[in-house]
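Student: Just structure-v8.txt, nothing more (compact mmCIF, C-alpha atoms):
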# COMPACT_ATOMS: atom_id res chain seq x y z
CA MET U 1 36.13 42.71 -22.19
CA ASN U 2 35.82 39.25 -23.61
CA THR U 3 32.03 38.79 -23.65
CA THR U 4 32.30 35.04 -24.09
CA ALA U 5 34.48 34.73 -21.00
CA THR U 6 32.07 36.95 -19.07
CA THR U 7 29.12 34.77 -20.07
CA VAL U 8 30.97 31.62 -19.03
CA ARG U 9 31.94 33.24 -15.71
CA ARG U 10 28.32 34.18 -15.03
CA GLN U 11 27.16 30.67 -15.87
CA LEU U 12 29.75 29.19 -13.51
CA HIS U 13 28.49 31.41 -10.68
CA THR U 14 24.82 30.68 -11.32
CA PRO U 15 23.41 28.41 -8.61
CA PRO U 16 22.61 24.96 -9.98
CA PRO U 17 18.95 23.99 -10.36
CA PRO U 18 17.38 21.80 -7.66
CA LEU U 19 18.57 18.20 -7.85
CA SER U 20 15.02 16.90 -8.29
CA PRO U 21 11.44 17.79 -7.49
CA PHE U 22 9.51 16.10 -4.72
CA PRO U 23 9.54 13.32 -3.93
CA TYR U 24 13.32 13.58 -3.81
CA HIS U 25 13.80 9.84 -3.42
CA PRO U 26 11.93 7.51 -5.80
CA GLY U 27 11.11 5.20 -2.89
CA SER U 28 9.26 7.88 -0.95
CA LEU U 29 5.48 7.90 -0.70
CA LEU U 30 4.35 11.30 0.47
CA SER U 31 0.98 11.51 -1.30
CA VAL U 32 -1.26 9.23 -3.33
CA GLN U 33 -0.67 11.75 -6.10
CA ASP U 34 2.93 10.52 -6.26
CA LEU U 35 1.64 7.28 -7.80
CA SER U 36 0.48 6.67 -11.35
CA LEU U 37 -2.38 4.21 -11.78
CA GLU U 38 0.17 1.74 -13.12
CA GLU U 39 2.17 2.11 -9.91
CA VAL U 40 -0.99 1.72 -7.81
CA GLY U 41 -1.71 -1.53 -9.62
CA GLY U 42 1.88 -2.64 -9.14
CA LEU U 43 1.66 -2.09 -5.39
CA LEU U 44 -1.64 -4.00 -5.21
CA ALA U 45 -0.15 -6.92 -7.12
CA ARG U 46 3.04 -6.88 -5.06
CA ALA U 47 1.03 -6.81 -1.82
CA THR U 48 -0.74 -10.01 -2.90
CA ALA U 49 2.52 -11.66 -3.95
CA LEU U 50 4.24 -10.80 -0.67
CA GLU U 51 1.25 -11.93 1.35
CA CYS U 52 1.37 -15.33 -0.38
CA GLU U 53 5.15 -15.75 -0.33
CA ASP U 54 6.83 -18.24 1.95
CA PRO U 55 7.65 -16.35 5.18
CA LEU U 56 11.23 -17.61 5.29
CA ALA U 57 11.91 -16.47 1.74
CA ARG U 58 10.10 -13.19 2.31
CA ASN U 59 12.23 -12.56 5.38
CA CYS U 60 15.32 -12.32 3.17
CA ILE U 61 14.04 -9.49 0.94
CA LEU U 62 15.15 -6.68 3.27
CA ALA U 63 17.32 -8.71 5.64
CA LYS U 64 19.03 -6.43 8.17
CA ARG U 65 17.99 -3.22 6.41
CA ARG U 66 17.20 -0.45 8.90
CA VAL U 67 13.82 1.26 9.09
CA ALA U 68 12.91 3.97 11.60
CA LEU U 69 9.32 4.60 12.67
CA LEU U 70 9.06 8.24 13.75
CA PHE U 71 5.67 8.84 15.37
CA TYR U 72 4.69 12.22 16.79
CA GLU U 73 1.07 11.06 17.27
CA SER U 74 -0.40 8.00 18.92
CA SER U 75 -1.23 5.10 16.63
CA THR U 76 -2.19 1.46 16.90
CA ARG U 77 -3.09 0.16 13.43
CA THR U 78 -0.74 2.20 11.28
CA ARG U 79 2.32 1.92 13.50
CA THR U 80 1.88 -1.78 14.24
CA SER U 81 1.14 -2.76 10.66
CA PHE U 82 4.13 -0.80 9.32
CA GLU U 83 6.36 -2.43 11.94
CA LEU U 84 5.04 -5.93 11.22
CA ALA U 85 5.34 -5.30 7.48
CA ALA U 86 8.99 -4.23 7.73
CA LYS U 87 9.86 -7.15 10.01
CA ALA U 88 8.08 -9.62 7.73
CA LEU U 89 10.53 -8.55 5.02
CA GLY U 90 13.50 -9.06 7.35
CA ALA U 91 14.21 -5.42 8.18
CA ASP U 92 15.30 -4.17 11.59
CA THR U 93 12.98 -1.51 12.97
CA THR U 94 13.22 1.08 15.71
CA LEU U 95 10.37 3.17 17.07
CA VAL U 96 10.93 6.81 18.00
CA SER U 97 7.99 8.55 19.65
CA SER U 98 7.61 12.13 20.80
CA LEU U 99 7.22 11.01 24.42
CA SER U 100 10.37 8.89 24.70
CA SER U 101 13.04 10.79 22.77
CA SER U 102 14.78 14.14 22.42
CA ILE U 103 11.66 15.39 20.64
CA GLU U 104 10.22 15.90 24.11
CA LYS U 105 13.14 18.25 24.81
CA GLY U 106 12.39 20.40 21.78
CA GLU U 107 14.51 18.79 19.07
CA SER U 108 13.33 19.77 15.60
CA LEU U 109 12.00 17.32 13.03
CA LYS U 110 14.99 18.09 10.79
CA ASP U 111 17.53 17.32 13.51
CA THR U 112 15.71 14.17 14.56
CA GLY U 113 15.70 12.98 10.95
CA LEU U 114 19.38 13.75 10.47
CA THR U 115 20.19 11.92 13.70
CA LEU U 116 18.28 8.85 12.54
CA ARG U 117 20.13 8.91 9.23
CA ALA U 118 23.48 9.23 11.01
CA LEU U 119 22.54 6.22 13.15
CA GLY U 120 22.03 4.15 10.01
CA ALA U 121 18.31 4.44 9.22
CA GLU U 122 17.76 3.76 5.52
CA ALA U 123 14.09 4.78 5.44
CA ILE U 124 11.79 6.71 7.77
CA ILE U 125 8.10 6.12 8.32
CA LEU U 126 6.66 9.37 9.66
CA ARG U 127 3.42 10.28 11.40
CA HIS U 128 3.27 13.95 12.34
CA ASN U 129 0.65 16.38 13.56
CA SER U 130 1.72 19.05 11.05
CA SER U 131 0.62 18.93 7.43
CA GLY U 132 3.62 18.85 5.11
CA ALA U 133 6.06 17.37 7.65
CA PRO U 134 7.03 14.39 5.41
CA TRP U 135 8.15 16.79 2.67
CA LEU U 136 10.34 18.70 5.11
CA LEU U 137 11.86 15.47 6.45
CA GLU U 138 12.62 14.15 3.00
CA ALA U 139 14.24 17.41 1.94
CA ALA U 140 16.42 17.38 5.05
CA THR U 141 17.50 13.73 4.98
CA HIS U 142 17.24 12.67 1.31
CA LEU U 143 16.06 9.32 2.63
CA PRO U 144 12.92 7.55 1.42
CA VAL U 145 10.10 8.83 3.61
CA LEU U 146 6.75 7.09 3.95
CA ASN U 147 3.89 9.30 5.03
CA ALA U 148 1.95 7.54 7.79
CA GLY U 149 -0.35 10.54 8.23
CA ASP U 150 0.51 14.24 8.30
CA GLY U 151 -1.83 16.55 10.19
CA MET U 152 -5.09 17.06 8.33
CA HIS U 153 -3.43 16.48 4.97
CA GLU U 154 -2.94 12.89 3.74
CA HIS U 155 -2.62 9.23 4.68
CA PRO U 156 -1.65 7.53 1.40
CA THR U 157 -1.21 3.94 2.59
CA GLN U 158 -4.66 4.03 4.20
CA ALA U 159 -6.17 4.95 0.83
CA LEU U 160 -4.28 2.07 -0.80
CA LEU U 161 -5.50 -0.48 1.74
CA ASP U 162 -9.03 0.92 1.46
CA LEU U 163 -8.81 0.46 -2.31
CA ARG U 164 -7.63 -3.14 -1.87
CA THR U 165 -10.59 -3.80 0.40
CA ILE U 166 -13.06 -2.22 -2.03
CA LEU U 167 -11.69 -4.19 -4.97
CA ALA U 168 -11.89 -7.47 -3.03
CA HIS U 169 -15.64 -6.92 -2.58
CA LEU U 170 -16.64 -5.22 -5.83
CA ARG U 171 -13.97 -6.29 -8.34
CA PRO U 172 -12.54 -9.61 -7.07
CA GLY U 173 -9.20 -10.50 -8.61
CA VAL U 174 -8.63 -7.07 -10.15
CA GLU U 175 -5.26 -5.47 -9.41
CA ALA U 176 -4.21 -3.80 -12.67
CA VAL U 177 -6.37 -0.72 -12.17
CA THR U 178 -7.42 1.79 -14.82
CA SER U 179 -9.49 4.95 -14.95
CA GLU U 180 -12.57 2.74 -15.45
CA THR U 181 -12.00 0.12 -12.74
CA LEU U 182 -14.52 1.65 -10.32
CA ALA U 183 -16.86 3.14 -12.92
CA GLY U 184 -20.43 2.96 -11.63
CA VAL U 185 -19.33 2.66 -8.00
CA THR U 186 -20.43 5.25 -5.45
CA VAL U 187 -18.42 5.59 -2.26
CA SER U 188 -19.89 7.66 0.56
CA ILE U 189 -17.46 9.14 3.08
CA VAL U 190 -19.35 10.21 6.17
CA GLY U 191 -18.41 12.27 9.21
CA ASP U 192 -15.52 14.53 10.12
CA ILE U 193 -14.22 15.13 6.62
CA LEU U 194 -12.79 18.57 7.42
CA HIS U 195 -10.10 17.10 9.67
CA SER U 196 -9.65 13.71 7.98
CA ARG U 197 -6.43 12.90 6.14
CA VAL U 198 -7.98 9.50 5.34
CA ALA U 199 -10.87 11.19 3.55
CA ARG U 200 -8.51 13.45 1.64
CA SER U 201 -6.31 10.63 0.32
CA ASN U 202 -9.37 8.63 -0.72
CA MET U 203 -10.84 11.71 -2.40
CA LEU U 204 -7.60 12.07 -4.38
CA LEU U 205 -7.35 8.38 -5.33
CA LEU U 206 -10.79 6.83 -5.88
CA PRO U 207 -12.10 9.24 -8.55
CA ARG U 208 -8.98 8.51 -10.62
CA LEU U 209 -10.31 4.94 -10.93
CA GLY U 210 -13.75 6.15 -11.99
CA ALA U 211 -15.52 6.10 -8.62
CA ARG U 212 -18.08 8.69 -7.63
CA VAL U 213 -17.36 9.97 -4.13
CA LEU U 214 -20.19 11.40 -2.01
CA LEU U 215 -19.18 13.43 1.02
CA CYS U 216 -21.74 13.47 3.81
CA GLY U 217 -21.74 15.41 7.08
CA PRO U 218 -22.80 18.62 8.78
CA LYS U 219 -21.40 21.94 7.58
CA GLU U 220 -19.20 22.22 10.67
CA LEU U 221 -17.32 19.10 9.54
CA LEU U 222 -17.84 19.36 5.80
CA PRO U 223 -17.45 22.79 4.18
CA ASP U 224 -18.96 23.37 0.75
CA THR U 225 -15.44 23.95 -0.61
CA ALA U 226 -14.59 20.24 -0.18
CA THR U 227 -15.65 19.53 -3.76
CA ARG U 228 -12.71 21.61 -4.97
CA THR U 229 -10.42 18.66 -4.16
CA GLY U 230 -11.04 17.38 -7.67
CA PRO U 231 -13.52 15.88 -10.13
CA GLY U 232 -15.87 13.07 -9.17
CA ILE U 233 -16.64 14.49 -5.72
CA GLU U 234 -20.09 15.64 -4.58
CA ILE U 235 -21.69 16.68 -1.31
CA GLU U 236 -24.86 15.01 -0.03
CA ARG U 237 -26.03 16.38 3.33
CA ASP U 238 -28.82 13.83 3.75
CA PHE U 239 -27.24 10.68 5.19
CA GLU U 240 -30.04 8.34 4.20
CA GLY U 241 -30.00 9.78 0.68
CA ALA U 242 -26.26 9.07 0.49
CA LEU U 243 -26.73 5.52 1.77
CA ARG U 244 -29.32 4.74 -0.91
CA GLN U 245 -26.77 5.57 -3.61
CA SER U 246 -23.76 3.77 -2.13
CA GLN U 247 -22.00 0.47 -2.65
CA ILE U 248 -19.30 1.48 -0.15
CA VAL U 249 -19.91 3.46 3.06
CA MET U 250 -16.79 4.78 4.76
CA MET U 251 -17.52 6.07 8.26
CA LEU U 252 -15.10 8.45 9.96
CA ARG U 253 -14.38 9.08 13.62
CA ILE U 254 -15.32 12.38 15.19
CA GLN U 255 -11.85 13.74 15.98
CA ALA U 256 -12.46 15.37 19.34
CA GLU U 257 -8.82 16.49 19.53
CA ARG U 258 -9.37 18.73 16.48
CA LEU U 259 -12.79 20.21 17.32
CA ALA U 260 -11.66 23.29 19.27
CA GLY U 261 -13.84 26.26 18.40
CA LEU U 262 -16.48 24.28 16.51
CA GLN U 263 -20.07 24.35 17.69
CA LEU U 264 -21.04 20.72 17.22
CA ASP U 265 -23.89 19.07 19.12
CA LEU U 266 -22.98 15.38 19.37
CA GLU U 267 -26.57 14.33 20.07
CA ASP U 268 -27.72 16.04 16.89
CA TYR U 269 -24.80 14.48 15.04
CA GLN U 270 -25.77 10.97 16.21
CA ALA U 271 -29.39 11.53 15.25
CA SER U 272 -28.43 12.66 11.73
CA TYR U 273 -25.28 10.72 10.86
CA GLN U 274 -24.85 7.64 13.03
CA LEU U 275 -24.81 4.41 11.04
CA THR U 276 -27.23 2.07 12.77
CA GLY U 277 -28.31 -1.41 11.80
CA GLN U 278 -31.80 -0.10 11.05
CA ARG U 279 -30.49 2.61 8.73
CA LEU U 280 -28.16 0.21 6.97
CA ALA U 281 -30.83 -2.43 6.44
CA ALA U 282 -33.37 0.07 5.17
CA GLN U 283 -31.17 2.18 2.91
CA ALA U 284 -28.10 0.13 1.92
CA PRO U 285 -28.67 -3.57 2.63
CA SER U 286 -25.81 -4.71 0.38
CA ALA U 287 -23.28 -1.91 0.95
CA VAL U 288 -19.83 -2.64 2.39
CA VAL U 289 -19.02 -0.70 5.55
CA LEU U 290 -15.48 0.64 6.07
CA HIS U 291 -13.87 2.58 8.92
CA PRO U 292 -10.18 3.55 9.24
CA GLY U 293 -10.28 3.29 13.04
CA PRO U 294 -10.21 3.86 15.85
CA ILE U 295 -13.96 3.33 16.11
CA ILE U 296 -15.98 5.16 18.72
CA ARG U 297 -18.78 2.66 19.14
CA GLY U 298 -22.11 4.30 19.79
CA LEU U 299 -21.10 7.59 18.15
CA GLU U 300 -20.46 7.28 14.41
CA VAL U 301 -21.43 3.58 14.23
CA THR U 302 -23.25 1.17 16.49
CA ALA U 303 -21.58 -2.00 17.74
CA GLY U 304 -24.01 -4.08 15.69
CA VAL U 305 -22.84 -2.44 12.47
CA ALA U 306 -19.15 -2.56 13.37
CA ASP U 307 -19.37 -6.29 14.07
CA GLY U 308 -22.05 -7.07 11.49
CA PRO U 309 -21.91 -9.04 8.23
CA GLN U 310 -21.56 -5.90 6.08
CA SER U 311 -18.51 -4.67 7.97
CA ALA U 312 -15.10 -5.00 6.30
CA ILE U 313 -13.30 -3.08 9.03
CA LEU U 314 -11.02 -5.90 10.14
CA GLU U 315 -10.30 -6.74 6.50
CA GLN U 316 -8.96 -3.20 6.17
CA VAL U 317 -6.65 -3.82 9.11
CA ARG U 318 -5.35 -7.07 7.59
CA ASN U 319 -4.89 -5.42 4.20
CA GLY U 320 -2.77 -2.77 5.89
CA VAL U 321 0.07 -5.22 6.53
CA ALA U 322 0.16 -6.46 2.92
CA ILE U 323 0.01 -2.97 1.42
CA ARG U 324 2.67 -1.68 3.77
CA MET U 325 4.97 -4.59 2.95
CA ALA U 326 4.77 -3.53 -0.69
CA VAL U 327 5.36 0.13 0.16
CA VAL U 328 8.32 -0.56 2.48
CA GLU U 329 9.90 -2.85 -0.10
CA ARG U 330 9.46 -0.14 -2.74
CA ALA U 331 11.16 2.37 -0.44
CA LEU U 332 14.30 0.28 -0.06
CA VAL U 333 14.69 -1.38 -3.44
CA ALA U 334 13.78 1.63 -5.60
CA PRO U 335 16.68 2.92 -7.74
CA GLN U 336 18.62 5.69 -6.06
CA ALA U 337 17.69 9.23 -6.98
CA ASN U 338 20.08 11.23 -9.15
CA GLY U 339 22.47 13.22 -7.05
CA ASP U 340 21.39 11.47 -3.85
CA SER U 341 24.19 12.79 -1.72
CA LEU U 342 24.79 15.65 0.66
Can you dump the structure from the file as structure tokens?

Tutor:
Amino acid sequence: MNTTATTVRRQLHTPPPPLSPFPYHPGSLLSVQDLSLEEVGGLLARATALECEDPLARNCILAKRRVALLFYESSTRTRTSFELAAKALGADTTLVSSLSSSIEKGESLKDTGLTLRALGAEAIILRHNSSGAPWLLEAATHLPVLNAGDGMHEHPTQALLDLRTILAHLRPGVEAVTSETLAGVTVSIVGDILHSRVARSNMLLLPRLGARVLLCGPKELLPDTATRTGPGIEIERDFEGALRQSQIVMMLRIQAERLAGLQLDLEDYQASYQLTGQRLAAQAPSAVVLHPGPIIRGLEVTAGVADGPQSAILEQVRNGVAIRMAVVERALVAPQANGDSL
């Protein structure tokens, strides 16, 4: 037998390697870990440029491009800001929710994504109650997918808008970030960290810029293993002790929909971890207060703090539109991935 011919024949019948690793499409944003610090800085700078651009000129950037918003969970801030961001760039958007589509009849995420692609969607913004859903959708459709929150996993654009808010207060004018940009800054994340995709994305992003991240909450909502997320992360159970060390205090909502089986006394939680005006004034009189929303006033924060002079909560909301303009533009003007065909 001709051994050379046999070798060639075997090579011809060997399955080809995967076309590319995740993210499949260079315009996708599935995790903050998809972004280098240079890319983070580029998105921050582009957000500012788009925010300042003449609306009529900006409206031509993605004129008549098609963006689908696929939301399996309720949302106000994320959904609306993504929609406004896409429309500000001139794109056409359509909203598909689990309560007003074939999803309600049992259609799979894969089939819904393929249907949207067949209808002409060029990018999909996905919020899903299952961790990892954006990866599955991207693998099925080969479209740019933007993760608008997947289960208890990640929420990358929230971390980017939080970073923009932090920089505006602590490093005004800085956009080209490095591993030292937030050196000396302590950010406390307080509350339901176990279930928070916002906390996780911030934990993955902020230490890369030199920030020290303190996690604060009861053991039911903050397991000791949380520090394994990466370097620069510590646990501080004493809320007032965390406040004394912090320039940024990020409060999180108690996610009642995810608390099944946990023994959590809300009165004890309020007594130990509620951010009140008195606590803030005594322990962190110059700290900036953040909250990803929705806020449950009177539980994790008081109304006086939410509406007070140290609150940057509405700034976060405004920054969401600018950041998401930059992310949506990146999704649709990024160079096509190699082998991007089915």

Student: Have a look at U:Leu44, U:Ile254, U:Leu37, U:Ala121 and name the one nearest to Ile166 of chain U; count only C-alpha atoms.

Tutor: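 When distances to Ile166 of chain U are compared using only C-alpha atoms, the smallest one comes from U:Leu44.
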
Student: Report, in Å to a single decimal, how far apart atom CA of Val321 of chain U and atom CA of Ser81 of chain U are.

Tutor: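 Separation between atom CA of Ser81 of chain U and atom CA of Val321 of chain U: 4.9 Å.
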
Student: For the atom pair atom CA of His25 of chain U and atom CA of Glu138 of chain U, what is the interatomic distance in Å to one decimal place?

Tutor: 7.8 Å

Student: I'd like the interatomic distance between atom CA of Arg117 of chain U and atom CA of Pro26 of chain U, to a tenth of an Å.

Tutor: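 Atom CA of Pro26 of chain U lies at a distance of 17.2 Å from atom CA of Arg117 of chain U.
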
Student: Using only C-alpha atoms, determine which residues lie at most 6 Å from Asn59 of chain U, disregarding the query and same-chain residues fewer than 6 positions distant; provide the list as a list in words.

Tutor: Ala88, Leu89 and Gly90 of chain U

Student: Choose the residue, out of U:Leu214, U:Met250, U:Ala282, U:Leu221, that has the smallest atom-to-atom separation from Leu264 of chain U; count only C-alpha atoms.

Tutor: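 Among U:Leu214, U:Met250, U:Ala282, U:Leu221, it is U:Leu221 that comes nearest to Leu264 of chain U.
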
Student: Calculated over all atoms listed in the file, which of the candidates U:Pro292, U:Gln263, U:Arg253, U:Gly41 has the smallest distance to Thr181 of chain U?

Tutor: U:Gly41

Student: Nearest to Leu29 of chain U among U:Asn147, U:Thr178, U:Asn202, U:Gln247, with distances taken over only C-alpha atoms: which residue is it?

Tutor: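 Looking at the shortest contact to Leu29 of chain U, the residue is U:Asn147.
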
Student: Pick from U:Lys110, U:Arg208, U:His153, U:His195: nearest to Leu136 of chain U, with all atoms listed in the file counted?

Tutor: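 Once distances to Leu136 of chain U are computed over all atoms listed in the file, the minimum belongs to U:Lys110.
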
Student: May I have the protein, DNA and RNA residues with an atom at most 6 Å from (-5.2, 11.8, 5.1), counting only C-alpha atoms in the file's coordinates, returned as an mmCIF file with C-alpha atoms, in the frame of the given file?

Tutor:
data_model
loop_
_atom_site.group_PDB
_atom_site.id
_atom_site.type_symbol
_atom_site.label_atom_id
_atom_site.label_comp_id
_atom_site.auth_asym_id
_atom_site.auth_seq_id
_atom_site.Cartn_x
_atom_site.Cartn_y
_atom_site.Cartn_z
ATOM 1 C CA GLY U 149 -0.350 10.540 8.230
ATOM 2 C CA HIS U 153 -3.430 16.480 4.970
ATOM 3 C CA GLU U 154 -2.940 12.890 3.740
ATOM 4 C CA HIS U 155 -2.620 9.230 4.680
ATOM 5 C CA SER U 196 -9.650 13.710 7.980
ATOM 6 C CA ARG U 197 -6.430 12.900 6.140
ATOM 7 C CA VAL U 198 -7.980 9.500 5.340
ATOM 8 C CA ALA U 199 -10.870 11.190 3.550
ATOM 9 C CA ARG U 200 -8.510 13.450 1.640
ATOM 10 C CA SER U 201 -6.310 10.630 0.320
#

Student: Looking at U:Ile125, U:Leu119, U:Leu99, U:Leu299, which one is nearest to Asp192 of chain U, with distances taken over only C-alpha atoms?

Tutor: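 Once distances to Asp192 of chain U are computed over only C-alpha atoms, the minimum belongs to U:Leu299.
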
Student: Using only C-alpha atoms, list the residues that have an atom at most 6 Å from (20.5, 1.0, 6.3), coordinates as in the file, as a VMD selection string.

Tutor: chain U and resid 65 to 66 120 to 122

Student: First collect every listed atom of segment 74-91 of chain U; then fit an axis-aligned box around them, widen it by 6 Å on each side, and give centre and edge lengths in Å to one decimal, as AutoDock Vina command-line options.

Tutor:
--center_x 5.6 --center_y -0.8 --center_z 12.0 --size_x 29.3 --size_y 29.6 --size_z 25.9

Student: Extract, using only C-alpha atoms, all DNA, RNA and protein residues at most 7 Å from Leu146 of chain U, discarding same-chain residues fewer than 2 positions from it, and format them as a ChimeraX atom specification.

Tutor: /U:28-30,124-126,144,148

Student: Neighbours of Leu167 of chain U within 10 Å (only C-alpha atoms; same-chain residues fewer than 6 positions away dropped), as a list in words?

Tutor: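 Near neighbours after the sequence-gap exclusion: Leu161, Gly173, Val174, Glu175, Val177, Thr181 and Leu182 of chain U.
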
Student: Just want the 8 Å neighbourhood of segment 83-85 of chain U, counted on all atoms listed in the file, with same-chain residues fewer than 5 positions away dropped. Output as a list in words.

Tutor: Leu69, Thr93, Val321, Ala322, Arg324, Met325 and Val328 of chain U

Student: Missing atoms in segment 108-130 of chain U: fill them in up to N, CA and C atoms and send the result as a PDB file, keeping the file's coordinate frame.

Tutor:
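Produced file part.pdb, reproduced below:
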ATOM      1  N   SER U 108      14.120  19.548  16.812  1.00  0.00           N
ATOM      2  CA  SER U 108      13.330  19.770  15.600  1.00  0.00           C
ATOM      3  C   SER U 108      13.191  18.477  14.796  1.00  0.00           C
ATOM      4  N   LEU U 109      12.196  18.462  13.923  1.00  0.00           N
ATOM      5  CA  LEU U 109      12.000  17.320  13.030  1.00  0.00           C
ATOM      6  C   LEU U 109      13.235  17.116  12.156  1.00  0.00           C
ATOM      7  N   LYS U 110      13.798  18.206  11.642  1.00  0.00           N
ATOM      8  CA  LYS U 110      14.990  18.090  10.790  1.00  0.00           C
ATOM      9  C   LYS U 110      16.130  17.423  11.548  1.00  0.00           C
ATOM     10  N   ASP U 111      16.413  17.882  12.764  1.00  0.00           N
ATOM     11  CA  ASP U 111      17.530  17.320  13.510  1.00  0.00           C
ATOM     12  C   ASP U 111      17.275  15.883  13.927  1.00  0.00           C
ATOM     13  N   THR U 112      16.027  15.565  14.245  1.00  0.00           N
ATOM     14  CA  THR U 112      15.710  14.170  14.560  1.00  0.00           C
ATOM     15  C   THR U 112      15.929  13.291  13.346  1.00  0.00           C
ATOM     16  N   GLY U 113      15.499  13.752  12.180  1.00  0.00           N
ATOM     17  CA  GLY U 113      15.700  12.980  10.950  1.00  0.00           C
ATOM     18  C   GLY U 113      17.161  12.799  10.618  1.00  0.00           C
ATOM     19  N   LEU U 114      17.944  13.855  10.746  1.00  0.00           N
ATOM     20  CA  LEU U 114      19.380  13.750  10.470  1.00  0.00           C
ATOM     21  C   LEU U 114      20.073  12.818  11.451  1.00  0.00           C
ATOM     22  N   THR U 115      19.624  12.838  12.698  1.00  0.00           N
ATOM     23  CA  THR U 115      20.190  11.920  13.700  1.00  0.00           C
ATOM     24  C   THR U 115      19.881  10.478  13.334  1.00  0.00           C
ATOM     25  N   LEU U 116      18.648  10.211  12.925  1.00  0.00           N
ATOM     26  CA  LEU U 116      18.280   8.850  12.540  1.00  0.00           C
ATOM     27  C   LEU U 116      19.095   8.389  11.333  1.00  0.00           C
ATOM     28  N   ARG U 117      19.312   9.288  10.389  1.00  0.00           N
ATOM     29  CA  ARG U 117      20.130   8.910   9.230  1.00  0.00           C
ATOM     30  C   ARG U 117      21.569   8.620   9.647  1.00  0.00           C
ATOM     31  N   ALA U 118      22.112   9.453  10.539  1.00  0.00           N
ATOM     32  CA  ALA U 118      23.480   9.230  11.010  1.00  0.00           C
ATOM     33  C   ALA U 118      23.607   7.916  11.773  1.00  0.00           C
ATOM     34  N   LEU U 119      22.532   7.486  12.413  1.00  0.00           N
ATOM     35  CA  LEU U 119      22.540   6.220  13.150  1.00  0.00           C
ATOM     36  C   LEU U 119      22.345   5.005  12.241  1.00  0.00           C
ATOM     37  N   GLY U 120      22.107   5.257  10.957  1.00  0.00           N
ATOM     38  CA  GLY U 120      22.030   4.150  10.010  1.00  0.00           C
ATOM     39  C   GLY U 120      20.657   3.860   9.452  1.00  0.00           C
ATOM     40  N   ALA U 121      19.643   4.669   9.794  1.00  0.00           N
ATOM     41  CA  ALA U 121      18.310   4.440   9.220  1.00  0.00           C
ATOM     42  C   ALA U 121      18.380   4.624   7.709  1.00  0.00           C
ATOM     43  N   GLU U 122      17.762   3.699   6.982  1.00  0.00           N
ATOM     44  CA  GLU U 122      17.760   3.760   5.520  1.00  0.00           C
ATOM     45  C   GLU U 122      16.420   4.240   4.973  1.00  0.00           C
ATOM     46  N   ALA U 123      15.409   4.261   5.804  1.00  0.00           N
ATOM     47  CA  ALA U 123      14.090   4.780   5.440  1.00  0.00           C
ATOM     48  C   ALA U 123      13.405   5.218   6.723  1.00  0.00           C
ATOM     49  N   ILE U 124      12.514   6.217   6.602  1.00  0.00           N
ATOM     50  CA  ILE U 124      11.790   6.710   7.770  1.00  0.00           C
ATOM     51  C   ILE U 124      10.304   6.704   7.479  1.00  0.00           C
ATOM     52  N   ILE U 125       9.551   6.106   8.381  1.00  0.00           N
ATOM     53  CA  ILE U 125       8.100   6.120   8.320  1.00  0.00           C
ATOM     54  C   ILE U 125       7.635   7.179   9.318  1.00  0.00           C
ATOM     55  N   LEU U 126       6.964   8.205   8.830  1.00  0.00           N
ATOM     56  CA  LEU U 126       6.660   9.370   9.660  1.00  0.00           C
ATOM     57  C   LEU U 126       5.172   9.587   9.835  1.00  0.00           C
ATOM     58  N   ARG U 127       4.745   9.722  11.089  1.00  0.00           N
ATOM     59  CA  ARG U 127       3.420  10.280  11.400  1.00  0.00           C
ATOM     60  C   ARG U 127       3.653  11.555  12.191  1.00  0.00           C
ATOM     61  N   HIS U 128       3.020  12.641  11.727  1.00  0.00           N
ATOM     62  CA  HIS U 128       3.270  13.950  12.340  1.00  0.00           C
ATOM     63  C   HIS U 128       1.974  14.741  12.396  1.00  0.00           C
ATOM     64  N   ASN U 129       1.867  15.592  13.399  1.00  0.00           N
ATOM     65  CA  ASN U 129       0.650  16.380  13.560  1.00  0.00           C
ATOM     66  C   ASN U 129       0.626  17.635  12.693  1.00  0.00           C
ATOM     67  N   SER U 130       1.676  17.888  11.939  1.00  0.00           N
ATOM     68  CA  SER U 130       1.720  19.050  11.050  1.00  0.00           C
ATOM     69  C   SER U 130       1.646  18.617   9.597  1.00  0.00           C
TER      70      SER U 130
END
